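Undergrad: Take a look at my_file.csv, CSV, C-alpha atoms:
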chain,number,residue,atom,x,y,z
A,1,MET,CA,-35.4,177.9,-123.6
A,2,GLN,CA,-36.0,181.1,-125.4
A,3,LYS,CA,-35.0,184.4,-124.0
A,4,GLY,CA,-38.0,186.3,-122.8
A,5,ARG,CA,-39.1,189.9,-122.2
A,6,ILE,CA,-39.1,191.8,-119.0
A,7,ALA,CA,-40.6,195.2,-118.4
A,8,ILE,CA,-40.4,197.4,-115.2
A,9,ALA,CA,-43.6,199.4,-114.5
A,10,ALA,CA,-43.4,202.8,-112.7
A,11,THR,CA,-47.0,202.4,-111.5
A,12,VAL,CA,-49.2,199.5,-110.5
A,13,VAL,CA,-49.7,197.1,-113.4
A,14,THR,CA,-52.9,195.0,-113.5
A,15,LEU,CA,-52.7,191.5,-115.0
A,16,ALA,CA,-55.3,188.8,-114.9
A,17,LEU,CA,-53.9,186.2,-112.4
A,18,GLY,CA,-57.0,184.0,-112.0
A,19,LEU,CA,-58.6,181.6,-114.3
A,20,SER,CA,-58.8,183.0,-117.9
A,21,ALA,CA,-60.0,181.7,-121.2
A,22,CYS,CA,-57.4,180.1,-123.5
A,23,ASN,CA,-58.1,178.6,-126.9
A,24,GLY,CA,-55.2,176.2,-126.7
A,25,ASP,CA,-53.7,177.2,-130.0
A,26,GLU,CA,-51.3,179.9,-131.3
A,27,GLU,CA,-52.4,182.4,-128.6
A,28,GLY,CA,-51.6,180.0,-125.8
A,29,ALA,CA,-48.3,179.1,-127.4
A,30,ALA,CA,-47.3,182.7,-127.7
A,31,ALA,CA,-47.8,183.3,-124.0
A,32,LYS,CA,-45.4,180.5,-123.1
A,33,ASP,CA,-42.8,181.5,-125.7
A,34,THR,CA,-42.5,185.1,-124.6
A,35,PRO,CA,-42.0,185.3,-120.8
A,36,ALA,CA,-42.1,188.7,-119.3
A,37,ALA,CA,-42.2,190.5,-116.0
A,38,SER,CA,-42.9,193.8,-114.4
A,39,THR,CA,-43.0,195.3,-111.0
A,40,SER,CA,-45.6,197.1,-109.0
A,41,GLU,CA,-46.1,198.5,-105.5
A,42,PRO,CA,-46.9,195.7,-103.0
A,43,GLU,CA,-50.3,195.5,-101.5
A,44,THR,CA,-51.5,193.7,-98.3
A,45,ALA,CA,-54.5,191.4,-98.4
A,46,THR,CA,-57.3,192.3,-96.1
A,47,SER,CA,-60.3,190.3,-94.9
A,48,GLU,CA,-64.0,191.2,-95.7
A,49,PRO,CA,-67.3,189.4,-95.0
A,50,ALA,CA,-68.2,186.7,-97.5
A,51,ASP,CA,-70.1,187.9,-100.6
A,52,GLU,CA,-73.3,185.9,-100.8
A,53,ASP,CA,-73.2,185.9,-104.6
A,54,ALA,CA,-69.6,184.7,-104.8
A,55,GLY,CA,-70.5,181.0,-105.3
A,56,GLY,CA,-72.7,178.8,-107.3
A,57,ASP,CA,-72.5,177.3,-110.8
A,58,ALA,CA,-74.0,178.6,-114.0
A,59,ASP,CA,-77.6,177.8,-112.7
A,60,GLY,CA,-76.9,179.5,-109.3
A,61,GLU,CA,-76.8,176.2,-107.5
A,62,ALA,CA,-74.5,175.5,-104.6
A,63,PRO,CA,-71.4,173.6,-105.6
A,64,ALA,CA,-70.9,169.9,-104.7
A,65,GLY,CA,-67.6,169.3,-103.0
A,66,GLY,CA,-67.5,171.9,-100.4
A,67,ASP,CA,-68.7,175.4,-99.4
A,68,ILE,CA,-67.4,178.4,-101.4
A,69,ALA,CA,-64.4,179.9,-99.7
A,70,ALA,CA,-65.3,183.3,-98.2
A,71,PRO,CA,-63.2,186.3,-99.3
A,72,GLY,CA,-60.3,186.7,-96.9
A,73,THR,CA,-60.1,183.0,-96.1
A,74,LYS,CA,-56.7,181.9,-94.8
A,75,LEU,CA,-55.5,178.4,-95.6
A,76,LYS,CA,-52.4,176.2,-95.2
A,77,VAL,CA,-50.4,174.8,-98.2
A,78,GLY,CA,-52.1,171.5,-98.8
A,79,ASP,CA,-55.6,172.8,-98.1
A,80,LYS,CA,-58.4,172.9,-100.8
A,81,ALA,CA,-60.5,176.0,-101.5
A,82,VAL,CA,-63.7,175.8,-103.6
A,83,LEU,CA,-63.8,179.1,-105.6
A,84,PRO,CA,-66.2,180.7,-108.1
A,85,PHE,CA,-65.0,180.7,-111.7
A,86,GLU,CA,-66.1,182.8,-114.7
A,87,TYR,CA,-64.8,181.4,-117.9
A,88,THR,CA,-66.8,183.7,-120.3
A,89,SER,CA,-69.8,185.9,-119.9
A,90,ASP,CA,-72.1,183.0,-120.4
A,91,LYS,CA,-70.2,180.3,-118.5
A,92,LYS,CA,-69.9,180.3,-114.7
A,93,GLY,CA,-69.0,177.5,-112.4
A,94,THR,CA,-66.7,176.5,-109.5
A,95,VAL,CA,-63.3,175.0,-109.2
A,96,ALA,CA,-61.4,173.5,-106.2
A,97,VAL,CA,-57.9,174.7,-105.9
A,98,THR,CA,-55.3,173.0,-103.7
A,99,VAL,CA,-51.9,174.6,-103.4
A,100,THR,CA,-49.6,171.6,-103.1
A,101,ALA,CA,-46.2,173.2,-102.7
A,102,ILE,CA,-44.3,176.5,-102.8
A,103,GLU,CA,-40.7,175.8,-103.9
A,104,LYS,CA,-37.7,178.1,-104.1
A,105,GLY,CA,-35.7,178.1,-107.3
A,106,ALA,CA,-32.3,179.5,-108.2
A,107,GLU,CA,-31.5,183.0,-109.7
A,108,SER,CA,-30.1,181.2,-112.7
A,109,ASP,CA,-33.6,179.9,-113.5
A,110,MET,CA,-34.6,183.5,-114.4
A,111,ALA,CA,-32.2,183.7,-117.3
A,112,ALA,CA,-35.0,183.5,-119.9
A,113,PHE,CA,-36.4,186.8,-118.6
A,114,GLY,CA,-33.3,188.8,-119.5
A,115,GLU,CA,-31.0,191.3,-117.7
A,116,LYS,CA,-33.8,193.0,-115.9
A,117,ALA,CA,-34.5,189.8,-113.9
A,118,ALA,CA,-31.0,189.8,-112.5
A,119,GLY,CA,-31.1,189.3,-108.7
A,120,MET,CA,-34.6,187.9,-108.7
A,121,THR,CA,-35.2,184.6,-107.0
A,122,PRO,CA,-38.1,182.5,-108.5
A,123,TYR,CA,-40.6,180.6,-106.5
A,124,PHE,CA,-42.8,177.8,-107.9
A,125,ILE,CA,-46.4,177.8,-106.7
A,126,LYS,CA,-47.7,174.3,-107.6
A,127,MET,CA,-51.3,173.4,-107.5
A,128,LYS,CA,-54.1,171.0,-108.4
A,129,VAL,CA,-57.3,172.3,-110.0
A,130,GLU,CA,-60.5,170.3,-110.0
A,131,ASN,CA,-63.7,171.0,-111.9
A,132,VAL,CA,-66.4,171.1,-109.2
A,133,GLY,CA,-69.4,172.6,-111.1
A,134,GLY,CA,-69.1,170.5,-114.2
A,135,THR,CA,-68.9,173.5,-116.5
A,136,ASP,CA,-67.0,173.3,-119.7
A,137,MET,CA,-63.6,174.9,-118.8
A,138,ALA,CA,-61.4,173.2,-121.3
A,139,TYR,CA,-58.1,175.2,-122.0
A,140,ALA,CA,-58.7,177.5,-119.0
A,141,SER,CA,-55.6,178.8,-117.2
A,142,LEU,CA,-55.2,179.4,-113.5
A,143,LYS,CA,-52.5,181.6,-112.0
A,144,LEU,CA,-52.1,182.7,-108.4
A,145,ASN,CA,-50.1,185.6,-106.8
A,146,GLY,CA,-47.1,185.0,-104.7
A,147,VAL,CA,-47.3,186.3,-101.1
A,148,LEU,CA,-44.2,187.4,-99.1
A,149,ASP,CA,-43.4,186.1,-95.7
A,150,GLY,CA,-44.6,189.4,-94.2
A,151,GLY,CA,-48.0,189.1,-96.0
A,152,GLY,CA,-47.4,191.6,-98.8
A,153,ALA,CA,-47.4,191.1,-102.5
A,154,THR,CA,-44.1,190.6,-104.4
A,155,GLY,CA,-44.4,193.6,-106.6
A,156,VAL,CA,-43.3,191.5,-109.5
A,157,ILE,CA,-45.6,190.4,-112.3
A,158,LEU,CA,-44.4,187.6,-114.6
A,159,ILE,CA,-45.7,186.3,-117.9
A,160,GLY,CA,-44.3,182.9,-118.8
A,161,ASP,CA,-42.9,179.9,-117.0
A,162,ILE,CA,-39.7,177.9,-116.5
A,163,PRO,CA,-40.0,174.7,-118.5
A,164,GLY,CA,-39.4,171.5,-116.5
A,165,LYS,CA,-39.5,173.4,-113.2
A,166,CYS,CA,-42.7,175.5,-113.3
A,167,ASP,CA,-44.9,174.8,-116.3
A,168,ASN,CA,-48.1,176.9,-116.4
A,169,GLU,CA,-50.4,174.2,-117.9
A,170,THR,CA,-53.8,175.0,-119.3
A,171,ALA,CA,-56.8,172.8,-118.5
A,172,PRO,CA,-57.0,169.8,-120.8
A,173,ALA,CA,-59.8,169.3,-123.4
A,174,GLU,CA,-61.4,166.9,-121.0
A,175,PHE,CA,-61.8,169.5,-118.2
A,176,THR,CA,-65.6,169.6,-118.8
A,177,THR,CA,-67.1,167.4,-116.2
A,178,LYS,CA,-67.3,167.2,-112.4
A,179,GLY,CA,-64.2,165.6,-110.9
A,180,ALA,CA,-62.0,166.4,-113.8
A,181,SER,CA,-58.6,167.7,-112.6
A,182,TYR,CA,-55.1,168.8,-113.7
A,183,GLU,CA,-51.9,170.1,-112.1
A,184,THR,CA,-50.2,173.3,-113.0
A,185,CYS,CA,-47.7,175.9,-111.6
A,186,THR,CA,-47.5,179.6,-111.2
A,187,LEU,CA,-44.2,181.3,-111.4
A,188,SER,CA,-43.5,184.1,-108.8
A,189,ALA,CA,-40.3,186.0,-108.1
A,190,THR,CA,-38.8,188.5,-105.6
A,191,LYS,CA,-35.6,190.4,-105.0
A,192,GLY,CA,-35.9,190.4,-101.3
A,193,GLU,CA,-38.2,188.7,-98.8
A,194,ALA,CA,-39.1,185.1,-99.4
A,195,VAL,CA,-42.4,184.0,-101.0
A,196,THR,CA,-44.1,181.8,-98.5
A,197,GLY,CA,-47.8,182.0,-99.7
A,198,ALA,CA,-50.1,182.2,-102.6
A,199,SER,CA,-53.3,184.2,-103.2
A,200,PHE,CA,-56.4,184.0,-105.4
A,201,ASP,CA,-57.9,187.4,-106.1
A,202,GLU,CA,-60.0,186.8,-109.3
A,203,GLY,CA,-63.4,188.5,-109.3
A,204,ASP,CA,-64.9,191.4,-107.5
A,205,ALA,CA,-65.5,189.5,-104.3
A,206,TYR,CA,-61.8,188.5,-103.9
A,207,SER,CA,-60.0,191.5,-105.4
A,208,ASP,CA,-59.8,193.3,-102.0
A,209,ALA,CA,-59.8,190.2,-99.8
A,210,PRO,CA,-58.0,187.3,-101.5
A,211,VAL,CA,-58.0,183.7,-100.4
A,212,VAL,CA,-54.5,183.1,-99.2
A,213,TRP,CA,-52.5,179.8,-98.7
A,214,ALA,CA,-49.5,180.1,-96.5
A,215,GLY,CA,-46.7,177.6,-95.7
Any chance you could give the structure as structure tokens?
TA:
Amino acid sequence: MQKGRIAIAATVVTLALGLSACNGDEEGAAAKDTPAASTSEPETATSEPADEDAGGDADGEAPAGGDIAAPGTKLKVGDKAVLPFEYTSDKKGTVAVTVTAIEKGAESDMAAFGEKAAGMTPYFIKMKVENVGGTDMAYASLKLNGVLDGGGATGVILIGDIPGKCDNETAPAEFTTKGASYETCTLSATKGEAVTGASFDEGDAYSDAPVVWAG
């Protein structure tokens, strides 16, 4: 395991934590080889009415496999949420995300992030991702935010994973058809209150009212 980078931000730091494009070559490898973290002020998720334009595939059709989860939807760990996905400007579709577990790690697991991660406890948000719309989403990457027991954000942003315990896997090359699926993990961490939930806030419809899974 290589020693990673960690940075502390004085103001809110924005990082894409939803599905993002990944070419599966040197760029993807660099993200795994240089873990990093930063902190920001916690925010509390709020609920808003569903956005009628939040769902649909590239042709605007309703997804097969369930209704699009409305912004602000509250779920339990183990539940599935069908969510809109934008891979690139000309590719749009839907995925089904099931948070399967939220596991607590040990402080020693954060060694790769360096001295600034001292005192942080990691949490492993494990999930299954399914291609619902049939859009070509090969090498896409999905990450979720950790949610504290009290409902707030952790204030810690991490780049990287913990090999063997929380591997942030990109979608395989075959993730191009309806029903294709893979499993992955998002690493979260906190210095205080426990992480007991996970949230999806990718896209305008969910940025202020994430979909949240709680234990």
Undergrad: To one decimal place in Å, what is the distance between atom CA of A:Glu193 and atom CA of A:Asp149?
TA: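 Computed distance, atom CA of A:Glu193 to atom CA of A:Asp149, equals 6.6 Å.
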Undergrad: What separation in Å, quoted to one decimal, exists between atom CA of A:Ser108 and atom CA of A:Val156?
TA: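 So the answer is 17.0 Å.
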Undergrad: I need every residue sitting at most 6 Å from the point (-62.2, 185.5, -98.0) (coordinates as in the file, only C-alpha atoms considered), written as an NGL selection string.
TA: :A and (70-73 or 209-211)
Undergrad: Interatomic distance between atom CA of A:Ala138 and atom CA of A:Ala198?
TA: 23.6 Å
Undergrad: Which residue gives the smallest distance to A:Thr154 among A:Pro122, A:Gly215, A:Ser141, A:Thr184, with only C-alpha atoms counted?
TA: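 Distance minimum relative to A:Thr154 lands on A:Pro122.
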Undergrad: Considering only C-alpha atoms, can you say which of A:Thr196, A:Thr88, A:Thr135, A:Thr98 comes closest to A:Tyr123?
TA: A:Thr196
Undergrad: Taking 3 positions as the minimum chain separation for residues in the same chain, which residues sit within 6 Å of stretch 80-86 of chain A when counting only C-alpha atoms? Answer as a list of chain:residue names.
TA: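 What passes the distance filter is A:Gly55, A:Ile68, A:Ala69, A:Lys92, A:Gly93, A:Thr94, A:Val95, A:Ala96, A:Val97, A:Thr98.
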Undergrad: With all atoms listed in the file as the atoms that count, which of A:Ser207, A:Ile159, A:Val212, A:Thr186 lies nearest to A:Ala112?
TA: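 Result for the nearest residue to A:Ala112: A:Ile159.
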Undergrad: So which one's closest to A:Ala173, A:Asp161, A:Asp204, A:Glu103, A:Asp136? Using all atoms listed in the file, please.
TA: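 Looking at the shortest contact to A:Ala173, the residue is A:Asp136.
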Undergrad: Taking into account all atoms listed in the file, which residue in the set A:Asn145, A:Leu187, A:Ser181, A:Phe175 is nearest to A:Gly160?
TA: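 Of all the options, A:Leu187 lies closest to A:Gly160.
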Undergrad: Out of A:Lys74, A:Asp201, A:Gly192, A:Ala180, which residue has the shortest atom-to-atom distance to A:Val132 when counting only C-alpha atoms?
TA: A:Ala180
